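Below: entry-v1.pdb (PDB, C-alpha atoms, pLDDT in the B column)
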ATOM      1  CA  MET P 157     141.289  68.461 247.973  1.00 87.00           C
ATOM      2  CA  ASP P 158     140.711  68.670 244.222  1.00 90.00           C
ATOM      3  CA  PRO P 159     137.118  69.387 243.070  1.00 92.00           C
ATOM      4  CA  VAL P 160     136.687  66.192 241.042  1.00 93.00           C
ATOM      5  CA  GLY P 161     137.940  64.014 243.892  1.00 93.00           C
ATOM      6  CA  PHE P 162     135.698  65.796 246.368  1.00 94.00           C
ATOM      7  CA  THR P 163     132.656  65.361 244.125  1.00 95.00           C
ATOM      8  CA  THR P 164     133.497  61.682 243.569  1.00 95.00           C
ATOM      9  CA  VAL P 165     133.681  60.932 247.291  1.00 95.00           C
ATOM     10  CA  ARG P 166     130.638  63.085 247.981  1.00 96.00           C
ATOM     11  CA  LEU P 167     128.321  61.416 245.477  1.00 96.00           C
ATOM     12  CA  GLY P 168     129.840  57.972 246.020  1.00 95.00           C
ATOM     13  CA  SER P 169     129.315  58.021 249.786  1.00 95.00           C
ATOM     14  CA  GLY P 170     125.796  59.360 249.265  1.00 95.00           C
ATOM     15  CA  ALA P 171     125.033  56.475 246.886  1.00 94.00           C
ATOM     16  CA  VAL P 172     126.277  53.922 249.429  1.00 94.00           C
ATOM     17  CA  VAL P 173     124.182  55.373 252.266  1.00 93.00           C
ATOM     18  CA  LEU P 174     121.006  55.568 250.178  1.00 92.00           C
ATOM     19  CA  LEU P 175     121.507  52.044 248.823  1.00 89.00           C
ATOM     20  CA  LEU P 176     121.864  50.715 252.392  1.00 89.00           C
ATOM     21  CA  LEU P 177     118.754  52.654 253.373  1.00 85.00           C
ATOM     22  CA  MET P 178     116.755  51.073 250.551  1.00 82.00           C
ATOM     23  CA  ILE P 179     118.004  47.587 251.472  1.00 82.00           C
ATOM     24  CA  SER P 180     117.106  48.108 255.145  1.00 79.00           C
ATOM     25  CA  ARG P 181     113.571  49.155 254.185  1.00 75.00           C
ATOM     26  CA  TRP P 182     113.182  46.052 252.044  1.00 72.00           C
ATOM     27  CA  TYR P 183     114.512  43.894 254.892  1.00 72.00           C
ATOM     28  CA  ARG P 184     112.107  45.368 257.447  1.00 71.00           C
ATOM     29  CA  LYS P 185     109.129  44.801 255.166  1.00 68.00           C
ATOM     30  CA  ASN P 186     110.351  41.386 253.932  1.00 65.00           C
ATOM     31  CA  HIS P 187     109.799  42.469 250.375  1.00 59.00           C
ATOM     32  CA  VAL P 188     112.040  43.693 247.563  1.00 57.00           C
ATOM     33  CA  TYR P 189     110.188  46.331 245.580  1.00 57.00           C
ATOM     34  CA  PRO P 190     110.779  46.435 241.830  1.00 58.00           C
ATOM     35  CA  VAL P 191     113.129  49.260 240.869  1.00 59.00           C
ATOM     36  CA  ARG P 192     112.537  50.786 237.460  1.00 62.00           C
ATOM     37  CA  PHE P 193     114.959  53.338 236.060  1.00 61.00           C
ATOM     38  CA  LYS P 194     112.594  55.674 234.188  1.00 72.00           C
ATOM     39  CA  SER P 195     113.369  58.628 231.948  1.00 73.00           C
ATOM     40  CA  ALA P 196     112.750  60.983 234.883  1.00 74.00           C
ATOM     41  CA  ASN P 197     115.369  59.094 236.898  1.00 82.00           C
ATOM     42  CA  MET P 198     117.878  59.442 234.068  1.00 90.00           C
ATOM     43  CA  LEU P 199     117.200  63.179 233.852  1.00 92.00           C
ATOM     44  CA  GLY P 200     117.518  63.487 237.631  1.00 92.00           C
ATOM     45  CA  THR P 201     120.810  61.571 237.560  1.00 94.00           C
ATOM     46  CA  LEU P 202     122.288  63.771 234.855  1.00 96.00           C
ATOM     47  CA  ALA P 203     121.094  66.936 236.607  1.00 96.00           C
ATOM     48  CA  LEU P 204     122.568  65.844 239.948  1.00 96.00           C
ATOM     49  CA  PHE P 205     125.901  64.960 238.360  1.00 97.00           C
ATOM     50  CA  VAL P 206     126.180  68.254 236.436  1.00 97.00           C
ATOM     51  CA  TYR P 207     125.171  70.245 239.524  1.00 96.00           C
ATOM     52  CA  ALA P 208     127.660  68.595 241.885  1.00 96.00           C
ATOM     53  CA  MET P 209     130.582  68.618 239.442  1.00 96.00           C
ATOM     54  CA  CYS P 210     130.087  72.187 238.173  1.00 96.00           C
ATOM     55  CA  PHE P 211     129.492  73.424 241.726  1.00 94.00           C
ATOM     56  CA  SER P 212     132.852  72.074 242.923  1.00 93.00           C
ATOM     57  CA  LEU P 213     134.740  73.257 239.830  1.00 93.00           C
ATOM     58  CA  ALA P 214     133.195  76.747 240.017  1.00 92.00           C
ATOM     59  CA  TYR P 215     133.922  77.366 243.686  1.00 85.00           C
ATOM     60  CA  ILE P 216     137.696  77.192 243.253  1.00 86.00           C
ATOM     61  CA  GLN P 217     137.350  80.305 241.055  1.00 85.00           C
ATOM     62  CA  LEU P 218     134.637  82.294 242.861  1.00 81.00           C
ATOM     63  CA  GLU P 219     134.261  84.110 246.153  1.00 78.00           C
ATOM     64  CA  THR P 220     131.584  82.720 248.480  1.00 73.00           C
ATOM     65  CA  GLY P 221     129.163  85.600 247.915  1.00 73.00           C
ATOM     66  CA  ALA P 222     129.492  85.581 244.146  1.00 79.00           C
ATOM     67  CA  GLY P 223     129.008  81.824 243.984  1.00 83.00           C
ATOM     68  CA  ALA P 224     125.858  81.897 246.107  1.00 83.00           C
ATOM     69  CA  LEU P 225     124.291  84.771 244.170  1.00 83.00           C
ATOM     70  CA  VAL P 226     124.975  83.184 240.775  1.00 87.00           C
ATOM     71  CA  LEU P 227     123.799  79.744 241.949  1.00 89.00           C
ATOM     72  CA  PHE P 228     120.517  80.861 243.493  1.00 87.00           C
ATOM     73  CA  GLY P 229     119.849  83.366 240.732  1.00 87.00           C
ATOM     74  CA  ALA P 230     120.172  80.586 238.152  1.00 91.00           C
ATOM     75  CA  VAL P 231     117.892  78.327 240.219  1.00 92.00           C
ATOM     76  CA  GLN P 232     115.195  81.019 240.390  1.00 87.00           C
ATOM     77  CA  LEU P 233     115.322  81.840 236.681  1.00 88.00           C
ATOM     78  CA  THR P 234     115.349  78.201 235.560  1.00 92.00           C
ATOM     79  CA  LEU P 235     112.469  77.096 237.794  1.00 89.00           C
ATOM     80  CA  ALA P 236     110.383  80.099 236.738  1.00 86.00           C
ATOM     81  CA  ALA P 237     111.096  79.293 233.076  1.00 89.00           C
ATOM     82  CA  LEU P 238     110.219  75.606 233.532  1.00 89.00           C
ATOM     83  CA  ALA P 239     106.973  76.531 235.261  1.00 85.00           C
ATOM     84  CA  PHE P 240     106.053  78.962 232.484  1.00 84.00           C
ATOM     85  CA  ILE P 241     106.893  76.465 229.713  1.00 87.00           C
ATOM     86  CA  ASN P 242     104.711  73.833 231.369  1.00 83.00           C
ATOM     87  CA  GLY P 243     101.761  76.218 231.690  1.00 79.00           C
ATOM     88  CA  ASN P 244     102.146  76.826 235.434  1.00 76.00           C
ATOM     89  CA  LYS P 245     102.389  80.601 235.458  1.00 76.00           C
ATOM     90  CA  PRO P 246     103.801  81.797 238.811  1.00 74.00           C
ATOM     91  CA  LYS P 247     101.513  83.988 240.900  1.00 79.00           C
ATOM     92  CA  GLN P 248     102.188  87.681 241.369  1.00 82.00           C
ATOM     93  CA  ILE P 249     102.670  87.156 245.106  1.00 85.00           C
ATOM     94  CA  GLU P 250     105.367  84.582 244.332  1.00 83.00           C
ATOM     95  CA  PHE P 251     107.215  87.041 242.086  1.00 84.00           C
ATOM     96  CA  LEU P 252     106.982  89.688 244.819  1.00 88.00           C
ATOM     97  CA  GLY P 253     108.239  87.253 247.447  1.00 87.00           C
ATOM     98  CA  ALA P 254     111.123  86.186 245.205  1.00 86.00           C
ATOM     99  CA  ALA P 255     112.128  89.817 244.558  1.00 90.00           C
ATOM    100  CA  ILE P 256     112.139  90.674 248.275  1.00 91.00           C
ATOM    101  CA  ALA P 257     113.982  87.504 249.312  1.00 89.00           C
ATOM    102  CA  PHE P 258     116.609  87.858 246.576  1.00 88.00           C
ATOM    103  CA  THR P 259     117.142  91.497 247.532  1.00 91.00           C
ATOM    104  CA  GLY P 260     117.907  90.307 251.054  1.00 89.00           C
ATOM    105  CA  LEU P 261     120.356  87.734 249.700  1.00 86.00           C
ATOM    106  CA  ILE P 262     122.134  90.354 247.573  1.00 87.00           C
ATOM    107  CA  TYR P 263     122.355  92.670 250.583  1.00 87.00           C
ATOM    108  CA  LEU P 264     123.841  89.898 252.745  1.00 83.00           C
ATOM    109  CA  LEU P 265     126.410  88.662 250.234  1.00 78.00           C
ATOM    110  CA  SER P 266     127.398  91.850 248.386  1.00 78.00           C
ATOM    111  CA  PRO P 267     130.510  92.502 250.577  1.00 76.00           C
ATOM    112  CA  THR P 268     131.937  89.127 249.493  1.00 69.00           C
ATOM    113  CA  TRP P 269     131.084  89.485 245.796  1.00 68.00           C
ATOM    114  CA  GLY P 270     134.673  89.975 244.649  1.00 65.00           C
ATOM    115  CA  SER P 271     135.476  89.870 240.934  1.00 67.00           C
ATOM    116  CA  PRO P 272     134.023  86.640 239.538  1.00 67.00           C
ATOM    117  CA  ARG P 273     135.886  84.991 236.680  1.00 79.00           C
ATOM    118  CA  ALA P 274     133.938  84.292 233.514  1.00 86.00           C
ATOM    119  CA  LEU P 275     134.540  80.517 233.642  1.00 89.00           C
ATOM    120  CA  GLY P 276     133.589  80.308 237.321  1.00 88.00           C
ATOM    121  CA  PHE P 277     130.441  82.363 236.648  1.00 89.00           C
ATOM    122  CA  PHE P 278     129.459  80.075 233.757  1.00 93.00           C
ATOM    123  CA  LEU P 279     130.085  76.865 235.714  1.00 94.00           C
ATOM    124  CA  MET P 280     128.108  78.082 238.739  1.00 93.00           C
ATOM    125  CA  PHE P 281     125.227  79.259 236.535  1.00 94.00           C
ATOM    126  CA  LEU P 282     125.203  75.819 234.891  1.00 96.00           C
ATOM    127  CA  ALA P 283     125.208  74.232 238.355  1.00 96.00           C
ATOM    128  CA  GLY P 284     122.182  76.336 239.309  1.00 94.00           C
ATOM    129  CA  MET P 285     120.320  75.328 236.154  1.00 96.00           C
ATOM    130  CA  ALA P 286     121.104  71.661 236.825  1.00 97.00           C
ATOM    131  CA  TRP P 287     119.928  71.916 240.437  1.00 95.00           C
ATOM    132  CA  ALA P 288     116.693  73.514 239.215  1.00 94.00           C
ATOM    133  CA  VAL P 289     116.140  70.585 236.840  1.00 95.00           C
ATOM    134  CA  PHE P 290     116.871  68.129 239.680  1.00 94.00           C
ATOM    135  CA  THR P 291     114.313  70.009 241.783  1.00 93.00           C
ATOM    136  CA  TRP P 292     111.775  69.994 238.947  1.00 92.00           C
ATOM    137  CA  VAL P 293     112.132  66.232 238.533  1.00 91.00           C
ATOM    138  CA  GLY P 294     111.575  65.814 242.277  1.00 89.00           C
ATOM    139  CA  LYS P 295     108.220  67.586 242.106  1.00 87.00           C
ATOM    140  CA  GLY P 296     106.808  64.554 240.330  1.00 84.00           C
ATOM    141  CA  SER P 297     108.418  61.970 242.595  1.00 82.00           C
ATOM    142  CA  LYS P 298     106.144  59.276 244.038  1.00 82.00           C
ATOM    143  CA  SER P 299     108.963  57.514 245.926  1.00 84.00           C
ATOM    144  CA  PRO P 300     111.340  60.237 247.208  1.00 86.00           C
ATOM    145  CA  THR P 301     113.919  57.960 248.839  1.00 85.00           C
ATOM    146  CA  GLN P 302     114.045  55.541 245.901  1.00 85.00           C
ATOM    147  CA  ASP P 303     114.249  58.302 243.293  1.00 89.00           C
ATOM    148  CA  THR P 304     117.010  60.097 245.215  1.00 91.00           C
ATOM    149  CA  SER P 305     118.859  56.795 245.595  1.00 90.00           C
ATOM    150  CA  LEU P 306     118.621  56.051 241.867  1.00 91.00           C
ATOM    151  CA  ALA P 307     119.960  59.522 241.056  1.00 93.00           C
ATOM    152  CA  PHE P 308     123.018  59.053 243.287  1.00 94.00           C
ATOM    153  CA  ILE P 309     123.642  55.470 242.137  1.00 92.00           C
ATOM    154  CA  GLY P 310     123.237  56.515 238.516  1.00 93.00           C
ATOM    155  CA  CYS P 311     126.044  59.045 238.980  1.00 94.00           C
ATOM    156  CA  LEU P 312     128.590  56.297 239.734  1.00 94.00           C
ATOM    157  CA  PRO P 313     129.389  55.313 236.102  1.00 94.00           C
ATOM    158  CA  LEU P 314     129.605  59.002 235.165  1.00 95.00           C
ATOM    159  CA  LEU P 315     132.056  59.570 238.007  1.00 94.00           C
ATOM    160  CA  LEU P 316     134.102  56.596 236.817  1.00 93.00           C
ATOM    161  CA  ILE P 317     134.385  58.090 233.327  1.00 93.00           C
ATOM    162  CA  VAL P 318     135.439  61.497 234.678  1.00 93.00           C
ATOM    163  CA  ASN P 319     138.043  59.977 236.996  1.00 90.00           C
ATOM    164  CA  ILE P 320     139.608  57.963 234.171  1.00 87.00           C
ATOM    165  CA  TRP P 321     140.257  61.286 232.485  1.00 86.00           C
ATOM    166  CA  TRP P 322     140.888  63.454 235.552  1.00 84.00           C
ATOM    167  CA  LEU P 323     142.176  61.689 238.660  1.00 80.00           C
ATOM    168  CA  GLU P 324     144.465  63.517 241.111  1.00 84.00           C
ATOM    169  CA  PRO P 325     144.836  61.252 244.183  1.00 84.00           C
ATOM    170  CA  ASP P 326     147.982  63.133 245.242  1.00 86.00           C
ATOM    171  CA  LYS P 327     145.732  66.078 246.138  1.00 85.00           C
ATOM    172  CA  TRP P 328     143.474  64.020 248.403  1.00 89.00           C
ATOM    173  CA  THR P 329     143.769  64.630 252.138  1.00 91.00           C
ATOM    174  CA  VAL P 330     142.309  62.836 255.120  1.00 93.00           C
ATOM    175  CA  LEU P 331     140.364  65.934 256.150  1.00 93.00           C
ATOM    176  CA  GLY P 332     139.127  66.448 252.587  1.00 91.00           C
ATOM    177  CA  VAL P 333     137.849  62.870 252.359  1.00 94.00           C
ATOM    178  CA  VAL P 334     136.161  63.093 255.778  1.00 95.00           C
ATOM    179  CA  LEU P 335     134.398  66.320 254.816  1.00 93.00           C
ATOM    180  CA  ALA P 336     133.396  64.904 251.432  1.00 94.00           C
ATOM    181  CA  ILE P 337     131.882  61.836 253.125  1.00 95.00           C
ATOM    182  CA  ALA P 338     130.010  64.028 255.613  1.00 94.00           C
ATOM    183  CA  SER P 339     128.761  66.201 252.761  1.00 92.00           C
ATOM    184  CA  GLY P 340     127.674  63.211 250.691  1.00 93.00           C
ATOM    185  CA  ALA P 341     126.380  60.717 253.238  1.00 92.00           C
ATOM    186  CA  ILE P 342     124.568  63.152 255.540  1.00 90.00           C
ATOM    187  CA  THR P 343     123.787  66.580 254.129  1.00 89.00           C
ATOM    188  CA  SER P 344     123.408  65.489 250.495  1.00 91.00           C
ATOM    189  CA  ALA P 345     121.962  61.959 250.576  1.00 90.00           C
ATOM    190  CA  MET P 346     119.610  62.445 253.527  1.00 89.00           C
ATOM    191  CA  GLY P 347     118.947  66.097 252.772  1.00 90.00           C
ATOM    192  CA  TYR P 348     118.022  65.539 249.134  1.00 90.00           C
ATOM    193  CA  ALA P 349     115.727  62.621 249.991  1.00 88.00           C
ATOM    194  CA  LEU P 350     113.921  64.877 252.460  1.00 89.00           C
ATOM    195  CA  TRP P 351     113.823  67.650 249.850  1.00 91.00           C
ATOM    196  CA  TYR P 352     112.210  65.274 247.331  1.00 89.00           C
ATOM    197  CA  SER P 353     109.542  64.337 249.906  1.00 89.00           C
ATOM    198  CA  VAL P 354     108.628  68.026 250.390  1.00 89.00           C
ATOM    199  CA  LEU P 355     108.704  69.173 246.752  1.00 89.00           C
ATOM    200  CA  PRO P 356     105.300  67.791 245.626  1.00 87.00           C
ATOM    201  CA  LYS P 357     103.655  70.154 248.136  1.00 86.00           C
ATOM    202  CA  LEU P 358     105.312  73.257 246.632  1.00 85.00           C
ATOM    203  CA  SER P 359     104.927  75.156 243.391  1.00 83.00           C
ATOM    204  CA  ALA P 360     108.027  75.489 241.213  1.00 83.00           C
ATOM    205  CA  MET P 361     108.439  79.142 242.194  1.00 82.00           C
ATOM    206  CA  GLN P 362     108.020  78.372 245.890  1.00 86.00           C
ATOM    207  CA  ALA P 363     110.598  75.586 245.622  1.00 87.00           C
ATOM    208  CA  GLY P 364     113.103  78.084 244.269  1.00 86.00           C
ATOM    209  CA  ILE P 365     112.329  80.864 246.732  1.00 87.00           C
ATOM    210  CA  ILE P 366     112.475  78.703 249.851  1.00 88.00           C
ATOM    211  CA  GLN P 367     116.051  77.712 248.972  1.00 87.00           C
ATOM    212  CA  LEU P 368     117.115  81.330 249.493  1.00 87.00           C
ATOM    213  CA  LEU P 369     116.962  80.521 253.208  1.00 87.00           C
ATOM    214  CA  VAL P 370     120.112  78.388 252.850  1.00 86.00           C
ATOM    215  CA  PRO P 371     122.706  81.228 252.990  1.00 84.00           C
ATOM    216  CA  ILE P 372     120.766  82.831 255.862  1.00 86.00           C
ATOM    217  CA  ILE P 373     120.786  79.580 257.843  1.00 86.00           C
ATOM    218  CA  ALA P 374     124.516  79.212 257.144  1.00 82.00           C
ATOM    219  CA  ALA P 375     125.221  82.765 258.325  1.00 83.00           C
ATOM    220  CA  ILE P 376     123.166  82.289 261.507  1.00 86.00           C
ATOM    221  CA  GLY P 377     124.989  79.000 262.067  1.00 84.00           C
ATOM    222  CA  GLY P 378     128.236  80.965 261.947  1.00 81.00           C
ATOM    223  CA  VAL P 379     126.946  83.224 264.715  1.00 85.00           C
ATOM    224  CA  VAL P 380     125.718  80.346 266.893  1.00 86.00           C
ATOM    225  CA  PHE P 381     128.482  77.779 266.425  1.00 82.00           C
ATOM    226  CA  ILE P 382     131.712  79.599 265.581  1.00 79.00           C
ATOM    227  CA  GLY P 383     131.226  82.982 267.219  1.00 78.00           C
ATOM    228  CA  GLU P 384     130.821  85.206 264.162  1.00 77.00           C
ATOM    229  CA  GLY P 385     129.310  88.618 264.873  1.00 79.00           C
ATOM    230  CA  LEU P 386     125.566  89.278 264.676  1.00 82.00           C
ATOM    231  CA  THR P 387     125.632  92.283 262.361  1.00 85.00           C
ATOM    232  CA  GLN P 388     122.946  94.706 261.269  1.00 88.00           C
ATOM    233  CA  ARG P 389     123.436  93.462 257.692  1.00 87.00           C
ATOM    234  CA  LEU P 390     122.630  89.890 258.741  1.00 87.00           C
ATOM    235  CA  VAL P 391     119.527  90.964 260.693  1.00 91.00           C
ATOM    236  CA  VAL P 392     118.145  93.067 257.826  1.00 92.00           C
ATOM    237  CA  ALA P 393     118.916  90.382 255.228  1.00 89.00           C
ATOM    238  CA  THR P 394     117.295  87.701 257.390  1.00 90.00           C
ATOM    239  CA  LEU P 395     114.102  89.739 257.753  1.00 93.00           C
ATOM    240  CA  LEU P 396     113.961  90.394 253.998  1.00 93.00           C
ATOM    241  CA  VAL P 397     114.528  86.759 253.028  1.00 91.00           C
ATOM    242  CA  ILE P 398     112.095  85.354 255.592  1.00 92.00           C
ATOM    243  CA  GLY P 399     109.509  87.982 254.624  1.00 92.00           C
ATOM    244  CA  GLY P 400     109.905  87.153 250.944  1.00 90.00           C
ATOM    245  CA  VAL P 401     109.596  83.418 251.581  1.00 89.00           C
ATOM    246  CA  TYR P 402     106.501  84.016 253.732  1.00 90.00           C
ATOM    247  CA  LEU P 403     104.839  86.052 250.976  1.00 87.00           C
ATOM    248  CA  SER P 404     105.600  83.384 248.383  1.00 85.00           C
ATOM    249  CA  MET P 405     103.930  80.720 250.535  1.00 83.00           C
ATOM    250  CA  MET P 406     100.650  82.656 250.831  1.00 78.00           C
ATOM    251  CA  LYS P 407      97.800  80.979 248.936  1.00 62.00           C
ATOM    252  CA  LYS P 408      95.963  84.103 247.780  1.00 48.00           C
ATOM    253  CA  ASN P 409      97.140  87.203 245.927  1.00 45.00           C
ATOM    254  CA  SER P 410      96.113  89.479 248.765  1.00 45.00           C
TER     255      SER P 410
END

In C-alpha cells, write the structure found in this file.
Amino acid sequence: MDPVGFTTVRLGSGAVVLLLLMISRWYRKNHVYPVRFKSANMLGTLALFVYAMCFSLAYIQLETGAGALVLFGAVQLTLAALAFINGNKPKQIEFLGAAIAFTGLIYLLSPTWGSPRALGFFLMFLAGMAWAVFTWVGKGSKSPTQDTSLAFIGCLPLLLIVNIWWLEPDKWTVLGVVLAIASGAITSAMGYALWYSVLPKLSAMQAGIIQLLVPIIAAIGGVVFIGEGLTQRLVVATLLVIGGVYLSMMKKNS
C-alpha cells in the first residue's frame, strides 16, 4: 500500500475510534464537556501529522534498523533540546541512562543498518523531531483522551489536502487497509491516549529514553510470536536498554 494512503487510513480510523470514545464517555456521564481547540492542540495536531506522514514516506527508502536508529536518535536530541530551552536541564543520571540504552539499541540494530538514502534519513529525522514535539505537548495535557482525540481529528483536513494532491487508490489493498486500521484504531489511537496519560509523570529526558524499549519489545515479540531466534545480540541489547532506562528513572544522582 502507498505511504500516503496508509497514513490516511491510519489517522482516519484513529480519529473515528477516539471520537466514539469521547461520545461514549459523555453519554455515560450524561454531560457533554466543552471542547476547546487551544494552541497546544494545534501544535499537537501538526506534530502528529508530520510524524505519521514522514514516518511512512521515510520507511519505503530505509532499512528497518536505520529507520529506528534515526527516529529514536532524533527523538532523544529534540526532547533534550526542548528541556534545555525551557530551563529543565536533564540530570546527569538521565544522560548516562540515555547513553547506555542507545548503545544497546545501536548494538541490536547495527546488522540491519544498510545504506540509508539522504531523503529517507531526512524524512525519518523530521518524523522523530515531530514525535518529540507531540510528546512534549502531551507532558502538559490535563485531559489525555480529549487532547489525543483532538490531535487525530485535527489531522483530517490536512489529510484531505494531501490526498487531493497525492491519491493513489490503485495501490490500496485489502490487507494494507486492514493493517492500517489496526495500526490507527488500536496501537495508535489507544496507545497514544495512554502515552499522554503517563507523560506528566515523566521528565522530558525520561520520556525519550523509555521509548527506546519499543524496538526491544518488538524483537522479543518476534521471538515469542513468530519463532525468531533468541540471539546473544538480542540478550545483550535488552540488558543494556533496560539498564539504561532503569538508571534514567532513578530520582537521585547516586

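The space separating CA of Phe251 in chain P from CA of Leu235 in chain P comes to 12.0 Å.
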
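Distance annotation: of P:Ser212, P:Thr304, P:Ser359, P:Ser339, the residue with the minimal separation from Leu227 in chain P is P:Ser212; atom set is all atoms listed in the file.
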
The PyMOL selection byres ((chain P and resi 405) around 9) on the file shown: which residues, as a ChimeraX atom specification? /P:249-250,253,358,362,366,400-404,406-407

Selected residues written out, C-alpha atoms, as a tab-separated table (two decimals), in the frame of the given file:
chain	number	residue	atom	x	y	z
P	249	ILE	CA	102.67	87.16	245.11
P	250	GLU	CA	105.37	84.58	244.33
P	253	GLY	CA	108.24	87.25	247.45
P	358	LEU	CA	105.31	73.26	246.63
P	362	GLN	CA	108.02	78.37	245.89
P	366	ILE	CA	112.48	78.70	249.85
P	400	GLY	CA	109.90	87.15	250.94
P	401	VAL	CA	109.60	83.42	251.58
P	402	TYR	CA	106.50	84.02	253.73
P	403	LEU	CA	104.84	86.05	250.98
P	404	SER	CA	105.60	83.38	248.38
P	406	MET	CA	100.65	82.66	250.83
P	407	LYS	CA	97.80	80.98	248.94

Quick one: apply the PyMOL selection byres ((chain P and resi 279) around 12) to the file and drop the selected residues here as a PyMOL selection string. chain P and resi 206-218+223+226-227+230+272-278+280-286

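For the file shown, the residue list from the PyMOL selection byres ((chain P and resi 260-264) around 8) reads Leu225, Ile256, Ala257, Phe258, Thr259, Leu265, Ser266, Pro267, Leu368, Pro371, Ile372, Arg389, Leu390, Val392, Ala393, Thr394, Leu395, Leu396 and Val397 of chain P.
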
Using all atoms listed in the file and a cutoff of 12 Å, can you tell me which residues are near (129.3, 55.0, 245.7) in the file's coordinates, and write them out as a ChimeraX atom specification? /P:163-176,305-316,337,340-341,345

With C-alpha atoms retained, could you export that selection as a short mmCIF file (atom, residue, chain, number, x, y, z; two decimals), keeping the file's coordinate frame?
data_model
loop_
_atom_site.label_atom_id
_atom_site.label_comp_id
_atom_site.auth_asym_id
_atom_site.auth_seq_id
_atom_site.Cartn_x
_atom_site.Cartn_y
_atom_site.Cartn_z
CA THR P 163 132.66 65.36 244.12
CA THR P 164 133.50 61.68 243.57
CA VAL P 165 133.68 60.93 247.29
CA ARG P 166 130.64 63.08 247.98
CA LEU P 167 128.32 61.42 245.48
CA GLY P 168 129.84 57.97 246.02
CA SER P 169 129.32 58.02 249.79
CA GLY P 170 125.80 59.36 249.26
CA ALA P 171 125.03 56.48 246.89
CA VAL P 172 126.28 53.92 249.43
CA VAL P 173 124.18 55.37 252.27
CA LEU P 174 121.01 55.57 250.18
CA LEU P 175 121.51 52.04 248.82
CA LEU P 176 121.86 50.72 252.39
CA SER P 305 118.86 56.80 245.60
CA LEU P 306 118.62 56.05 241.87
CA ALA P 307 119.96 59.52 241.06
CA PHE P 308 123.02 59.05 243.29
CA ILE P 309 123.64 55.47 242.14
CA GLY P 310 123.24 56.52 238.52
CA CYS P 311 126.04 59.04 238.98
CA LEU P 312 128.59 56.30 239.73
CA PRO P 313 129.39 55.31 236.10
CA LEU P 314 129.60 59.00 235.16
CA LEU P 315 132.06 59.57 238.01
CA LEU P 316 134.10 56.60 236.82
CA ILE P 337 131.88 61.84 253.12
CA GLY P 340 127.67 63.21 250.69
CA ALA P 341 126.38 60.72 253.24
CA ALA P 345 121.96 61.96 250.58
#

Counting all atoms listed in the file, find the residues whose atoms lie at most 10 Å from (107.1, 69.7, 245.3) (file coordinates) and write them out as a list in words. Thr291, Trp292, Val293, Gly294, Lys295, Gly296, Ser297, Trp351, Tyr352, Ser353, Val354, Leu355, Pro356, Lys357, Leu358, Ser359, Ala360, Gln362 and Ala363 of chain P

One decimal place gives the CA of Ala222 in chain P-CA of Pro246 in chain P separation as 26.5 Å

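Here CA of Ala349 in chain P and CA of Leu202 in chain P stand 16.5 Å from one another.
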
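Shell of Phe290 in chain P at 6 Å, with all atoms listed in the file counted and residues fewer than 3 places along the chain excluded, is Gly200, Ala203, Trp287 and Val293 of chain P.
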
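Minimum distance to Met198 in chain P across P:Val334, P:Val289, P:Val160, P:Leu177 (counting all atoms listed in the file) occurs at P:Val289.
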
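Of the listed residues (P:Leu252, P:Ala237, P:Arg181, P:Val318), P:Val318 comes nearest to Phe205 in chain P; the distances count only C-alpha atoms.
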
For Asp303 in chain P, which residue out of P:Gly364, P:Ile382, P:Met178, P:Trp321 is the nearest one, using all atoms listed in the file? P:Met178
